[in-house]
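Undergrad: See input19.pdb below, with PDB, C-alpha atoms.
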ATOM      1  CA  MET A   4     138.968-119.616 -45.548
ATOM      2  CA  ASP A   5     138.566-118.259 -49.068
ATOM      3  CA  GLY A   6     134.981-117.160 -48.432
ATOM      4  CA  LEU A   7     135.386-115.711 -44.921
ATOM      5  CA  PRO A   8     136.810-112.291 -45.976
ATOM      6  CA  ASP A   9     133.758-111.730 -48.197
ATOM      7  CA  LEU A  10     131.442-112.569 -45.299
ATOM      8  CA  ALA A  11     133.303-110.252 -42.916
ATOM      9  CA  LEU A  12     133.995-107.409 -45.374
ATOM     10  CA  PRO A  13     131.526-107.581 -48.256
ATOM     11  CA  GLY A  14     132.340-105.305 -51.152
ATOM     12  CA  HIS A  15     135.933-104.620 -50.026
ATOM     13  CA  THR A  16     138.767-105.098 -52.481
ATOM     14  CA  PRO A  17     141.956-106.867 -51.317
ATOM     15  CA  GLU A  18     143.664-103.459 -51.184
ATOM     16  CA  GLN A  19     140.880-101.999 -49.017
ATOM     17  CA  ARG A  20     141.216-104.933 -46.636
ATOM     18  CA  ARG A  21     144.835-103.858 -46.029
ATOM     19  CA  ALA A  22     143.681-100.668 -44.305
ATOM     20  CA  PRO A  23     145.300-100.498 -40.821
ATOM     21  CA  ARG A  24     141.934-100.432 -39.023
ATOM     22  CA  LEU A  25     141.090-103.773 -40.680
ATOM     23  CA  SER A  26     144.573-105.298 -40.749
ATOM     24  CA  PRO A  27     146.326-104.345 -37.481
ATOM     25  CA  ALA A  28     149.570-106.027 -38.550
ATOM     26  CA  LEU A  29     149.928-103.304 -41.196
ATOM     27  CA  ALA A  30     149.228-100.408 -38.823
ATOM     28  CA  ASP A  31     151.631 -98.018 -37.072
ATOM     29  CA  LEU A  32     152.546-100.070 -33.985
ATOM     30  CA  THR A  33     154.980 -97.659 -32.305
ATOM     31  CA  ARG A  34     152.543 -96.969 -29.435
ATOM     32  CA  PHE A  35     151.172-100.496 -29.117
ATOM     33  CA  PRO A  36     151.135-102.027 -25.610
ATOM     34  CA  SER A  37     152.960-105.177 -24.558
ATOM     35  CA  THR A  38     151.444-108.051 -26.508
ATOM     36  CA  LEU A  39     151.112-111.825 -26.145
ATOM     37  CA  LEU A  40     150.250-113.790 -29.295
ATOM     38  CA  THR A  41     149.103-117.352 -28.695
ATOM     39  CA  VAL A  42     148.559-119.476 -31.800
ATOM     40  CA  GLY A  43     148.440-123.134 -32.753
ATOM     41  CA  ASP A  44     150.914-124.586 -35.240
ATOM     42  CA  LEU A  45     147.960-125.924 -37.330
ATOM     43  CA  ASP A  46     146.031-122.637 -37.243
ATOM     44  CA  PRO A  47     145.538-121.202 -40.775
ATOM     45  CA  LEU A  48     146.155-117.780 -39.186
ATOM     46  CA  ARG A  49     149.499-118.795 -37.696
ATOM     47  CA  ASP A  50     151.520-116.733 -40.184
ATOM     48  CA  ASP A  51     149.443-113.657 -39.396
ATOM     49  CA  ALA A  52     150.459-113.973 -35.742
ATOM     50  CA  ILE A  53     154.107-114.380 -36.759
ATOM     51  CA  LEU A  54     153.866-111.275 -38.965
ATOM     52  CA  LEU A  55     152.271-109.192 -36.220
ATOM     53  CA  ALA A  56     154.905-110.264 -33.667
ATOM     54  CA  ALA A  57     157.712-109.378 -36.095
ATOM     55  CA  ARG A  58     156.253-105.953 -36.890
ATOM     56  CA  LEU A  59     155.737-105.182 -33.197
ATOM     57  CA  ARG A  60     159.381-105.975 -32.473
ATOM     58  CA  LEU A  61     160.526-103.882 -35.434
ATOM     59  CA  ALA A  62     158.507-101.029 -33.952
ATOM     60  CA  GLY A  63     160.419-101.443 -30.681
ATOM     61  CA  ARG A  64     157.476-102.931 -28.796
ATOM     62  CA  ASP A  65     157.400-105.857 -26.384
ATOM     63  CA  ALA A  66     155.896-108.875 -28.179
ATOM     64  CA  ARG A  67     155.841-112.467 -26.999
ATOM     65  CA  LEU A  68     154.889-115.145 -29.539
ATOM     66  CA  GLU A  69     153.834-118.633 -28.393
ATOM     67  CA  ILE A  70     153.264-121.231 -31.157
ATOM     68  CA  TRP A  71     151.801-124.410 -29.706
ATOM     69  CA  PRO A  72     152.530-127.734 -31.487
ATOM     70  CA  GLU A  73     149.785-129.597 -33.367
ATOM     71  CA  ALA A  74     147.136-127.153 -32.117
ATOM     72  CA  PRO A  75     144.257-125.932 -34.329
ATOM     73  CA  HIS A  76     142.543-122.573 -34.454
ATOM     74  CA  ALA A  77     140.879-121.538 -31.140
ATOM     75  CA  PHE A  78     142.466-124.484 -29.316
ATOM     76  CA  THR A  79     142.505-122.514 -26.038
ATOM     77  CA  ASN A  80     138.687-122.689 -26.057
ATOM     78  CA  MET A  81     138.791-126.478 -26.135
ATOM     79  CA  ALA A  82     138.844-128.633 -23.006
ATOM     80  CA  THR A  83     142.243-130.226 -23.689
ATOM     81  CA  PRO A  84     145.422-130.468 -21.607
ATOM     82  CA  LEU A  85     147.304-128.397 -24.197
ATOM     83  CA  GLY A  86     144.666-125.680 -24.129
ATOM     84  CA  ASP A  87     144.848-125.548 -20.327
ATOM     85  CA  VAL A  88     148.648-125.215 -20.391
ATOM     86  CA  ALA A  89     148.447-122.406 -22.970
ATOM     87  CA  LEU A  90     145.870-120.563 -20.876
ATOM     88  CA  ASP A  91     148.021-120.945 -17.753
ATOM     89  CA  SER A  92     150.930-119.462 -19.692
ATOM     90  CA  ALA A  93     148.800-116.490 -20.749
ATOM     91  CA  ILE A  94     147.581-115.935 -17.182
ATOM     92  CA  ALA A  95     151.161-115.961 -15.875
ATOM     93  CA  TRP A  96     152.159-113.436 -18.558
ATOM     94  CA  LEU A  97     149.310-111.125 -17.559
ATOM     95  CA  ASN A  98     150.137-111.415 -13.843
ATOM     96  CA  ASP A  99     153.781-110.526 -14.489
ATOM     97  CA  LEU A 100     152.671-107.559 -16.576
ATOM     98  CA  LEU A 101     150.299-106.253 -13.890
ATOM     99  CA  ASP A 102     152.630-106.981 -10.978
ATOM    100  CA  PRO A 103     156.208-107.302 -12.278
ATOM    101  CA  PRO A 104     158.658-109.401 -10.251
ATOM    102  CA  ARG A 105     160.515-107.114  -7.874
ATOM    103  CA  THR A 106     164.272-107.026  -8.138
ATOM    104  CA  ALA A 107     166.545-106.059  -5.294
ATOM    105  CA  PRO A 108     167.763-102.443  -5.575
ATOM    106  CA  ASN A 109     171.378-101.613  -6.315
ATOM    107  CA  PRO A 110     173.488-102.010  -3.115
ATOM    108  CA  ALA A 111     174.829 -98.450  -3.401
ATOM    109  CA  ALA A 112     171.274 -97.099  -3.716
ATOM    110  CA  VAL A 113     170.310 -98.848  -0.453
ATOM    111  CA  VAL A 114     173.248 -97.343   1.424
ATOM    112  CA  HIS A 115     172.727 -93.872  -0.042
ATOM    113  CA  ARG A 116     169.060 -94.015   0.932
ATOM    114  CA  PHE A 117     170.096 -94.902   4.490
ATOM    115  CA  VAL A 118     172.431 -91.900   4.630
ATOM    116  CA  THR A 119     169.893 -89.507   3.107
ATOM    117  CA  GLU A 120     166.733 -90.572   4.929
ATOM    118  CA  VAL A 121     167.988 -91.891   8.271
ATOM    119  CA  ILE A 122     171.339 -90.245   9.066
ATOM    120  CA  ASN A 123     170.639 -86.847   7.511
ATOM    121  CA  GLY A 124     166.843 -86.918   7.432
ATOM    122  CA  GLY A 125     166.256 -88.423  10.874
ATOM    123  CA  ASP A 126     163.502 -90.750   9.616
ATOM    124  CA  LEU A 127     163.921 -93.734  11.933
ATOM    125  CA  ASP A 128     160.719 -95.356  10.658
ATOM    126  CA  VAL A 129     162.445 -96.584   7.477
ATOM    127  CA  VAL A 130     165.276 -98.380   9.283
ATOM    128  CA  GLY A 131     163.389-101.679   9.064
ATOM    129  CA  GLU A 132     163.132-101.280   5.286
ATOM    130  CA  LEU A 133     166.900-100.834   4.933
ATOM    131  CA  TRP A 134     168.468-103.157   7.534
ATOM    132  CA  HIS A 135     168.065-106.890   8.180
ATOM    133  CA  ASP A 136     166.498-107.999  11.470
ATOM    134  CA  ASP A 137     169.726-109.787  12.483
ATOM    135  CA  LEU A 138     172.060-106.957  11.469
ATOM    136  CA  ALA A 139     175.575-106.505  12.860
ATOM    137  CA  TRP A 140     176.938-102.989  13.402
ATOM    138  CA  HIS A 141     180.619-102.468  14.268
ATOM    139  CA  ALA A 142     181.799 -99.007  15.269
ATOM    140  CA  GLY A 143     185.221 -99.517  16.837
ATOM    141  CA  SER A 144     185.448 -97.625  20.145
ATOM    142  CA  ALA A 145     181.679 -97.079  20.049
ATOM    143  CA  GLY A 146     181.198-100.854  20.312
ATOM    144  CA  ASP A 147     179.149-103.433  18.433
ATOM    145  CA  LEU A 148     175.414-103.830  18.042
ATOM    146  CA  HIS A 149     173.459-106.898  16.965
ATOM    147  CA  GLY A 150     169.825-106.976  15.885
ATOM    148  CA  LEU A 151     167.444-104.395  14.504
ATOM    149  CA  GLU A 152     165.901-103.384  17.836
ATOM    150  CA  ALA A 153     169.291-102.706  19.455
ATOM    151  CA  TYR A 154     170.271-100.588  16.468
ATOM    152  CA  ARG A 155     166.992 -98.646  16.566
ATOM    153  CA  ALA A 156     167.530 -97.915  20.273
ATOM    154  CA  ALA A 157     171.058 -96.638  19.577
ATOM    155  CA  LEU A 158     169.782 -94.352  16.828
ATOM    156  CA  ARG A 159     167.071 -92.927  19.098
ATOM    157  CA  ALA A 160     169.659 -92.231  21.807
ATOM    158  CA  ALA A 161     171.933 -90.502  19.296
ATOM    159  CA  VAL A 162     169.240 -88.038  18.220
ATOM    160  CA  GLY A 163     169.907 -84.848  20.168
ATOM    161  CA  GLY A 164     172.837 -86.539  21.939
ATOM    162  CA  ALA A 165     176.478 -85.486  21.657
ATOM    163  CA  PHE A 166     175.848 -83.582  18.425
ATOM    164  CA  THR A 167     172.858 -81.802  16.947
ATOM    165  CA  GLY A 168     172.332 -80.883  13.316
ATOM    166  CA  MET A 169     174.502 -83.803  12.260
ATOM    167  CA  HIS A 170     175.042 -84.203   8.543
ATOM    168  CA  LEU A 171     177.017 -86.868   6.713
ATOM    169  CA  THR A 172     178.483 -85.824   3.351
ATOM    170  CA  VAL A 173     179.534 -88.689   1.064
ATOM    171  CA  HIS A 174     182.645 -87.978  -1.012
ATOM    172  CA  ASP A 175     183.317 -91.365  -2.641
ATOM    173  CA  THR A 176     181.369 -94.578  -3.144
ATOM    174  CA  LEU A 177     183.029 -97.846  -4.135
ATOM    175  CA  VAL A 178     181.007-100.979  -4.924
ATOM    176  CA  ASP A 179     182.339-104.532  -5.150
ATOM    177  CA  GLY A 180     179.525-107.078  -5.460
ATOM    178  CA  ASP A 181     177.392-106.746  -2.330
ATOM    179  CA  THR A 182     179.982-104.557  -0.536
ATOM    180  CA  VAL A 183     179.653-100.759  -0.538
ATOM    181  CA  VAL A 184     182.403 -98.482   0.807
ATOM    182  CA  LEU A 185     181.764 -94.814   1.623
ATOM    183  CA  ARG A 186     184.327 -92.113   2.324
ATOM    184  CA  PHE A 187     182.520 -89.355   4.154
ATOM    185  CA  THR A 188     182.707 -86.286   6.368
ATOM    186  CA  ASN A 189     180.440 -86.087   9.391
ATOM    187  CA  SER A 190     179.609 -82.758  10.993
ATOM    188  CA  GLY A 191     177.447 -81.190  13.682
ATOM    189  CA  THR A 192     177.329 -78.928  16.722
ATOM    190  CA  HIS A 193     178.748 -80.315  19.971
ATOM    191  CA  THR A 194     175.827 -80.072  22.421
ATOM    192  CA  GLY A 195     176.388 -83.082  24.675
ATOM    193  CA  PRO A 196     179.191 -85.112  26.303
ATOM    194  CA  CYS A 197     181.455 -86.820  23.746
ATOM    195  CA  LEU A 198     184.417 -89.043  24.601
ATOM    196  CA  GLY A 199     184.789 -87.413  28.001
ATOM    197  CA  VAL A 200     184.502 -83.840  26.722
ATOM    198  CA  ALA A 201     181.600 -81.768  28.026
ATOM    199  CA  ALA A 202     179.400 -79.860  25.578
ATOM    200  CA  THR A 203     181.248 -76.940  24.026
ATOM    201  CA  GLY A 204     178.695 -75.610  21.550
ATOM    202  CA  ARG A 205     181.370 -75.710  18.869
ATOM    203  CA  PRO A 206     180.774 -76.903  15.314
ATOM    204  CA  ALA A 207     182.973 -79.812  14.259
ATOM    205  CA  ALA A 208     183.628 -81.902  11.168
ATOM    206  CA  TRP A 209     185.512 -85.185  10.987
ATOM    207  CA  SER A 210     186.261 -87.758   8.313
ATOM    208  CA  GLY A 211     185.385 -91.431   8.236
ATOM    209  CA  ILE A 212     184.914 -94.614   6.229
ATOM    210  CA  GLY A 213     181.924 -96.957   6.282
ATOM    211  CA  ILE A 214     181.846-100.477   4.837
ATOM    212  CA  TYR A 215     178.419-102.012   4.250
ATOM    213  CA  THR A 216     177.363-105.507   3.221
ATOM    214  CA  VAL A 217     174.021-105.521   1.393
ATOM    215  CA  ARG A 218     172.057-108.738   0.866
ATOM    216  CA  ALA A 219     168.655-109.038  -0.844
ATOM    217  CA  GLY A 220     168.144-105.287  -0.834
ATOM    218  CA  LYS A 221     168.934-104.682   2.862
ATOM    219  CA  ILE A 222     172.065-103.912   4.861
ATOM    220  CA  ALA A 223     173.233-106.975   6.786
ATOM    221  CA  GLU A 224     176.454-105.714   8.353
ATOM    222  CA  ALA A 225     178.471-102.512   8.572
ATOM    223  CA  TRP A 226     181.880-101.379   9.866
ATOM    224  CA  PHE A 227     182.873 -97.785  10.655
ATOM    225  CA  GLY A 228     186.156 -95.975  11.219
ATOM    226  CA  GLU A 229     186.111 -92.258  12.115
ATOM    227  CA  ASP A 230     188.835 -89.729  12.957
ATOM    228  CA  MET A 231     188.058 -89.337  16.657
ATOM    229  CA  LEU A 232     191.432 -87.705  17.412
ATOM    230  CA  GLY A 233     190.729 -85.037  14.803
ATOM    231  CA  LEU A 234     187.308 -84.531  16.342
ATOM    232  CA  LEU A 235     188.686 -84.159  19.863
ATOM    233  CA  ARG A 236     191.233 -81.594  18.689
ATOM    234  CA  GLN A 237     188.339 -79.463  17.439
ATOM    235  CA  LEU A 238     186.426 -79.811  20.699
ATOM    236  CA  GLU A 239     189.455 -79.138  22.898
ATOM    237  CA  PRO A 240     191.850 -76.697  21.198
ATOM    238  CA  ASN A 241     194.545 -77.268  23.850
ATOM    239  CA  GLU A 242     195.968 -80.557  22.573
ATOM    240  CA  HIS A 243     197.927 -81.100  25.814
ATOM    241  CA  SER A 244     194.601 -81.598  27.639
ATOM    242  CA  LEU A 245     194.025 -84.706  25.513
ATOM    243  CA  GLY A 246     197.071 -86.449  26.840
TER     244      GLY A 246
END
Can you give me the file's structure in the form of structure tokens?

TA:
Amino acid sequence: MDGLPDLALPGHTPEQRRAPRLSPALADLTRFPSTLLTVGDLDPLRDDAILLAARLRLAGRDARLEIWPEAPHAFTNMATPLGDVALDSAIAWLNDLLDPPRTAPNPAAVVHRFVTEVINGGDLDVVGELWHDDLAWHAGSAGDLHGLEAYRAALRAAVGGAFTGMHLTVHDTLVDGDTVVLRFTNSGTHTGPCLGVAATGRPAAWSGIGIYTVRAGKIAEAWFGEDMLGLLRQLEPNEHSLG
């Protein structure tokens, strides 16, 4: 070990060997990428790996240090069980770096995406990304639906149905574990039969509450309550006709 620096860097003083381009552990590491350091416990360069890992972490970088027991220098190049395990660990680290494990999105984000893209945006193609295949949909007087295909069919029928230009405005969002509660106002122009009232062409807005259960990044079940009486009063100004 004593003679190797002279072979690698002939004519360099110890101070010159500390130049960052020759001694990376002494360089500015603030822009260094994620790093895995694999070293054997018997490697004479073990402490260099420990130093580099410490300086990377002090620079705010991601550094993983693996010190393998009773392993010499370059042990990963040797056909030994320990070398194979260390290489497998390095491969797994690289795979996770290139394709990080996907985590389920926040439940509220899933529900808000549904409102924005499907309800307000009319993009029915993303329904399968947001709802489970065996979903349950409960809408009070509007009935219940079970299964993704039944729900898709109901959404298609609703497009251009009783109301056009529908828009759901979310006022409050409450989250408790996998449950998301929305307080909203729905609005649109009455252009088709609704609850026994023929199309009036009138704009209307009515309040409601939706309760969603989100599991593994998709909506599994939902319940809705909307102010249908308030809606009917807007469609039929003569309240006695509702009786």

Undergrad: With all atoms listed in the file counted, which protein, DNA or RNA residues have an atom no more than 12 Å from (178.6, -85.5, 11.8) in the file frame? Please answer as a PyMOL selection string.

TA: chain A and resi 118+122-123+161-162+164-173+187-193+206-211+229-231+234

Undergrad: Using C-alpha atoms, can you write the selected residues to a file as a PDB file, keeping the file's coordinate frame?

TA:
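For reference, result.pdb as written:
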ATOM      1  CA  VAL A 118     172.431 -91.900   4.630  1.00  0.00           C
ATOM      2  CA  ILE A 122     171.339 -90.245   9.066  1.00  0.00           C
ATOM      3  CA  ASN A 123     170.639 -86.847   7.511  1.00  0.00           C
ATOM      4  CA  ALA A 161     171.933 -90.502  19.296  1.00  0.00           C
ATOM      5  CA  VAL A 162     169.240 -88.038  18.220  1.00  0.00           C
ATOM      6  CA  GLY A 164     172.837 -86.539  21.939  1.00  0.00           C
ATOM      7  CA  ALA A 165     176.478 -85.486  21.657  1.00  0.00           C
ATOM      8  CA  PHE A 166     175.848 -83.582  18.425  1.00  0.00           C
ATOM      9  CA  THR A 167     172.858 -81.802  16.947  1.00  0.00           C
ATOM     10  CA  GLY A 168     172.332 -80.883  13.316  1.00  0.00           C
ATOM     11  CA  MET A 169     174.502 -83.803  12.260  1.00  0.00           C
ATOM     12  CA  HIS A 170     175.042 -84.203   8.543  1.00  0.00           C
ATOM     13  CA  LEU A 171     177.017 -86.868   6.713  1.00  0.00           C
ATOM     14  CA  THR A 172     178.483 -85.824   3.351  1.00  0.00           C
ATOM     15  CA  VAL A 173     179.534 -88.689   1.064  1.00  0.00           C
ATOM     16  CA  PHE A 187     182.520 -89.355   4.154  1.00  0.00           C
ATOM     17  CA  THR A 188     182.707 -86.286   6.368  1.00  0.00           C
ATOM     18  CA  ASN A 189     180.440 -86.087   9.391  1.00  0.00           C
ATOM     19  CA  SER A 190     179.609 -82.758  10.993  1.00  0.00           C
ATOM     20  CA  GLY A 191     177.447 -81.190  13.682  1.00  0.00           C
ATOM     21  CA  THR A 192     177.329 -78.928  16.722  1.00  0.00           C
ATOM     22  CA  HIS A 193     178.748 -80.315  19.971  1.00  0.00           C
ATOM     23  CA  PRO A 206     180.774 -76.903  15.314  1.00  0.00           C
ATOM     24  CA  ALA A 207     182.973 -79.812  14.259  1.00  0.00           C
ATOM     25  CA  ALA A 208     183.628 -81.902  11.168  1.00  0.00           C
ATOM     26  CA  TRP A 209     185.512 -85.185  10.987  1.00  0.00           C
ATOM     27  CA  SER A 210     186.261 -87.758   8.313  1.00  0.00           C
ATOM     28  CA  GLY A 211     185.385 -91.431   8.236  1.00  0.00           C
ATOM     29  CA  GLU A 229     186.111 -92.258  12.115  1.00  0.00           C
ATOM     30  CA  ASP A 230     188.835 -89.729  12.957  1.00  0.00           C
ATOM     31  CA  MET A 231     188.058 -89.337  16.657  1.00  0.00           C
ATOM     32  CA  LEU A 234     187.308 -84.531  16.342  1.00  0.00           C
TER      33      LEU A 234
END

Undergrad: The PyMOL selection byres ((chain A and resi 199-201) around 9) on the file shown: which residues, as a PyMOL selection string?

TA: chain A and resi 165+193-198+202-203+235+238-239

Undergrad: Could you tell me which residues the PyMOL selection byres ((chain A and resi 76-87) around 8) grabs in this file, written as a PDB file with C-alpha atoms, keeping the file's coordinate frame?

TA:
ATOM      1  CA  VAL A  42     148.559-119.476 -31.800  1.00  0.00           C
ATOM      2  CA  GLY A  43     148.440-123.134 -32.753  1.00  0.00           C
ATOM      3  CA  LEU A  45     147.960-125.924 -37.330  1.00  0.00           C
ATOM      4  CA  ASP A  46     146.031-122.637 -37.243  1.00  0.00           C
ATOM      5  CA  PRO A  47     145.538-121.202 -40.775  1.00  0.00           C
ATOM      6  CA  LEU A  48     146.155-117.780 -39.186  1.00  0.00           C
ATOM      7  CA  ALA A  74     147.136-127.153 -32.117  1.00  0.00           C
ATOM      8  CA  PRO A  75     144.257-125.932 -34.329  1.00  0.00           C
ATOM      9  CA  VAL A  88     148.648-125.215 -20.391  1.00  0.00           C
ATOM     10  CA  ALA A  89     148.447-122.406 -22.970  1.00  0.00           C
ATOM     11  CA  LEU A  90     145.870-120.563 -20.876  1.00  0.00           C
ATOM     12  CA  ASP A  91     148.021-120.945 -17.753  1.00  0.00           C
TER      13      ASP A  91
END

Undergrad: Calculated over all atoms listed in the file, which of the candidates A:Ala160, A:Val114, A:Leu127, A:Ala145 has the smallest distance to Ile222 of chain A?

TA: A:Val114

Undergrad: Atom CA of Asp128 of chain A and atom CA of Glu224 of chain A are how many Å apart?

TA: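 So the two atoms, atom CA of Asp128 of chain A and atom CA of Glu224 of chain A, lie 19.0 Å apart.
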
Undergrad: What does the distance from atom CA of Gly204 of chain A to atom CA of His115 of chain A come to in Å, to one decimal?

TA: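 Interatomic distance here is 28.9 Å.
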
Undergrad: Please identify all polymer residues within 10 Å of Pro8 of chain A, counting all atoms listed in the file, omitting same-chain residues fewer than 6 positions from it, and present them as an mmCIF file with C-alpha atoms, keeping the file's coordinate frame.

TA:
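As a result, out.cif now contains:
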data_model
loop_
_atom_site.group_PDB
_atom_site.id
_atom_site.type_symbol
_atom_site.label_atom_id
_atom_site.label_comp_id
_atom_site.auth_asym_id
_atom_site.auth_seq_id
_atom_site.Cartn_x
_atom_site.Cartn_y
_atom_site.Cartn_z
ATOM 1 C CA GLY A 14 132.340 -105.305 -51.152
ATOM 2 C CA HIS A 15 135.933 -104.620 -50.026
ATOM 3 C CA THR A 16 138.767 -105.098 -52.481
ATOM 4 C CA PRO A 17 141.956 -106.867 -51.317
ATOM 5 C CA ARG A 20 141.216 -104.933 -46.636
#

Undergrad: I'd like the box whose edges run along x, y and z of the file and which contains every listed atom of segment 84-89 of chain A, padded by 5 Å per side; could you state its centre and edge lengths in Å, one decimal, as lines of an AutoDock Vina configuration file?

TA:
center_x = 146.7
center_y = -126.4
center_z = -22.3
size_x = 14.0
size_y = 18.1
size_z = 13.9

Undergrad: Choose the residue, out of A:Ile94, A:Ile214, A:Ala56, A:Leu68, that has the smallest atom-to-atom separation from Ala139 of chain A; count all atoms listed in the file.

TA: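 Selected residue with least distance to Ala139 of chain A: A:Ile214.
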